[in-house]
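Peer 1: Dropping a structure here in structure tokens format, bear with me for questions.
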Amino acid sequence: MITQRVATLGQRIEDTLEAAGRFTLFSLEAAAWMARDARSLRRIKLLMPQLYDIGTMSIPVVMIVGAFVGAVIGIESYDQFLAVGQEQRLGGVISISVLKQIGPVLAAMMIAGRVGGAVCAELGTMKVTEQIDALRVMGVDPVAYLVVPRVLACVLMMPVLTLFCDILGVFGGWVVVVRGYGVDNAAYWAFSRDFVGAFELFSGLGKATFFGLCIGLIACYKGFNCGPGASGVGKASTESFVATFISIIVSNVFIASFLKNLYVLLYGAGGPTAFG
């Protein structure tokens with residue numbers, strides 16, 4: 001029994017390492033095609049529909065999520081800040097929370113669910129119906145034709161969608177805190193300006209760019225390597241979302257740690273806090 005369990009564990013480790021190697025090679029191939037065809041007009045024509053489907057069509061969902069999350073932060077934080085007489089600082093707290101952490105992560109989650117699953121299902125269906133093999137027969141590289149436009153669209157549109165999420169998140173907090181609880185409007189925006197600088201803004205957008213790369217690569221990889229039949233496509237879509245979700249959460253920890261150390265390196269320790 002012990003031997004069987006050890007063999008099973010070893011097989012799982014081997015399968016995991018093999019999958020990681022295949023994903024690395026897949027990512028490197030996609031990166032090579034991106035660099036090779038960066039100025040190709042044909043690639044731009046393939047990219048434009050993906051920018052619309054992945055970016056423009058996702059704006060309403062991201063805006064709604066951002067607005068209500070900002071409102072929830074204001075509702076949950078007001079009583080605690082009021083108890084210590086610092087309710088006017090809520091503008092800064094909401095703004096920096098949304099821009100640095102909540103906005104990029106929530107926008108990435110929504111795109112992973114809305115776009116990642118759709119991309120994986122689309123490419124998986126093409127594989128099951130042998131359309132990807134047909135592209136190879138015609139002399140067209142499927143990674144260059146199918147993967148690169150989708151990955152680039154995710155990378156380019158994630159910062160834009162994150163901006164929409166950030167703006168609506170700050171506005172949602174403003175509606176609750178200023179209009180709902182009566183906090184001074186000028187103080188809300190003054191502390192927002194004091195708390196948020198260029199570093200905080202670009203930190204969130206940098207995270208969003210990396211999250212977009214994760215979403216695009218994982219969704220395309222799972223679609224290209226799905227199992228046979230409808231069940232294989234469905235399983236690949238589920239695995240795509242789970243893997244993307246985990247990659248976003250885990251990478252966010254390391255990116256946040258890196259950006260914090262970078263801030264200390266550039267500006268020194270300190271900076272605005274919730275209470276001064």
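Quick note on naming: the chains in the structure tokens go A, B, ... in the order shown, residues restart at 1 in each chain, and ligands are numbered from 1 in order of appearance.
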Enumerate, in order of chain and increasing residue number, the residues of range 180-275 of chain A with an atom no farther than 10 Å from range 77-101 of chain A, each with its shortest atom pair and distance in Å to one decimal, counting only C-alpha atoms, as CSV.
Peer 2:
```
residue,atom,partner,partner_atom,distance
A:Tyr181,CA,A:Tyr78,CA,8.2
A:Gly182,CA,A:Gln88,CA,9.8
A:Val183,CA,A:Gln88,CA,6.1
A:Asp184,CA,A:Gln88,CA,6.8
A:Asn185,CA,A:Gln88,CA,8.8
A:Ala186,CA,A:Gln88,CA,9.2
A:Ala187,CA,A:Gln88,CA,5.8
A:Tyr188,CA,A:Gly91,CA,4.4
A:Trp189,CA,A:Gly91,CA,6.2
A:Ala190,CA,A:Gly91,CA,7.9
A:Phe191,CA,A:Gly92,CA,4.7
A:Ser192,CA,A:Gly92,CA,3.9
A:Arg193,CA,A:Gly92,CA,7.2
A:Asp194,CA,A:Gly92,CA,7.0
A:Phe195,CA,A:Gly92,CA,5.2
A:Val196,CA,A:Ile96,CA,5.8
A:Gly197,CA,A:Ile96,CA,9.1
A:Phe199,CA,A:Lys100,CA,9.4
A:Glu200,CA,A:Lys100,CA,5.9
A:Leu201,CA,A:Leu99,CA,6.1
A:Phe202,CA,A:Lys100,CA,8.5
A:Ser203,CA,A:Lys100,CA,6.3
A:Gly204,CA,A:Lys100,CA,4.6
A:Leu205,CA,A:Lys100,CA,8.3
A:Gly206,CA,A:Lys100,CA,9.7
A:Lys207,CA,A:Lys100,CA,8.5
A:Ala208,CA,A:Gln101,CA,9.9
A:Asn252,CA,A:Gln101,CA,8.4
A:Ala256,CA,A:Gln101,CA,8.4
A:Pro272,CA,A:Gly92,CA,9.1
A:Thr273,CA,A:Val93,CA,8.3
A:Ala274,CA,A:Val93,CA,6.3
A:Phe275,CA,A:Gln86,CA,7.0
```
Peer 1: Can I get the selection written as a short mmCIF file (atom, residue, chain, number, x, y, z; two decimals), in the first residue's frame, with C-alpha atoms?
Peer 2:
```
data_model
loop_
_atom_site.label_atom_id
_atom_site.label_comp_id
_atom_site.auth_asym_id
_atom_site.auth_seq_id
_atom_site.Cartn_x
_atom_site.Cartn_y
_atom_site.Cartn_z
CA TYR A 181 -22.91 59.79 5.43
CA GLY A 182 -22.32 63.50 4.94
CA VAL A 183 -18.52 63.59 4.99
CA ASP A 184 -17.08 66.80 3.59
CA ASN A 185 -16.66 66.57 -0.17
CA ALA A 186 -13.48 68.65 -0.29
CA ALA A 187 -11.85 66.52 2.42
CA TYR A 188 -12.73 63.30 0.57
CA TRP A 189 -10.96 64.41 -2.60
CA ALA A 190 -8.10 66.13 -0.75
CA PHE A 191 -7.14 62.95 1.09
CA SER A 192 -7.59 60.95 -2.10
CA ARG A 193 -5.07 63.24 -3.77
CA ASP A 194 -2.66 62.98 -0.82
CA PHE A 195 -2.80 59.19 -0.63
CA VAL A 196 -2.62 58.38 -4.34
CA GLY A 197 0.38 59.31 -6.47
CA PHE A 199 3.53 55.19 -8.17
CA GLU A 200 0.27 53.85 -6.72
CA LEU A 201 -1.59 54.33 -9.99
CA PHE A 202 1.04 52.65 -12.16
CA SER A 203 1.49 49.86 -9.61
CA GLY A 204 -2.13 48.84 -10.13
CA LEU A 205 -1.87 49.12 -13.90
CA GLY A 206 1.34 47.08 -13.90
CA LYS A 207 -0.41 44.35 -11.94
CA ALA A 208 -3.30 44.44 -14.39
CA ASN A 252 -0.53 39.32 -6.45
CA ALA A 256 2.71 43.49 -3.88
CA PRO A 272 0.66 58.36 4.19
CA THR A 273 -1.26 56.00 6.46
CA ALA A 274 -4.89 55.75 7.43
CA PHE A 275 -4.45 58.03 10.45
#
```
Peer 1: Name all residues at most 10 Å from range 104-109 of chain A (count only C-alpha atoms; drop same-chain ones fewer than 2 positions away) and give them as a VMD selection string.
Peer 2: chain A and resid 58 to 59 61 to 63 65 to 66 69 98 to 102 111 to 116 154 158 to 166 203 to 212 214 to 215 241 244 to 245 248 to 249 252
Peer 1: Range 23-37 of chain A: which residues within 8 Å, counting only C-alpha atoms, same-chain residues fewer than 6 positions away excluded, as a list in words?
Peer 2: Arg43, Val143, Ala144, Val147, Val148, Leu217 and Tyr221 of chain A
Peer 1: Please produce an output containing C-alpha atoms for each residue in the selection, written as a compact mmCIF listing (two decimals), in the first residue's frame.
Peer 2:
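Result went into part_26.txt, see below:
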```txt
# COMPACT_ATOMS: atom_id res chain seq x y z
CA ARG A 43 -1.76 40.62 -37.08
CA VAL A 143 -0.26 29.85 -32.23
CA ALA A 144 0.46 32.91 -34.37
CA VAL A 147 -3.16 32.64 -29.63
CA VAL A 148 -1.14 35.81 -30.20
CA LEU A 217 -1.85 32.40 -21.88
CA TYR A 221 -3.10 26.79 -23.41
```
Peer 1: Determine the nearest neighbour of Pro149 in chain A from the options A:Lys222, A:Arg179, A:Lys127, A:Lys45, counting only C-alpha atoms.
Peer 2: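 Closest to Pro149 in chain A, using only C-alpha atoms: A:Lys45.
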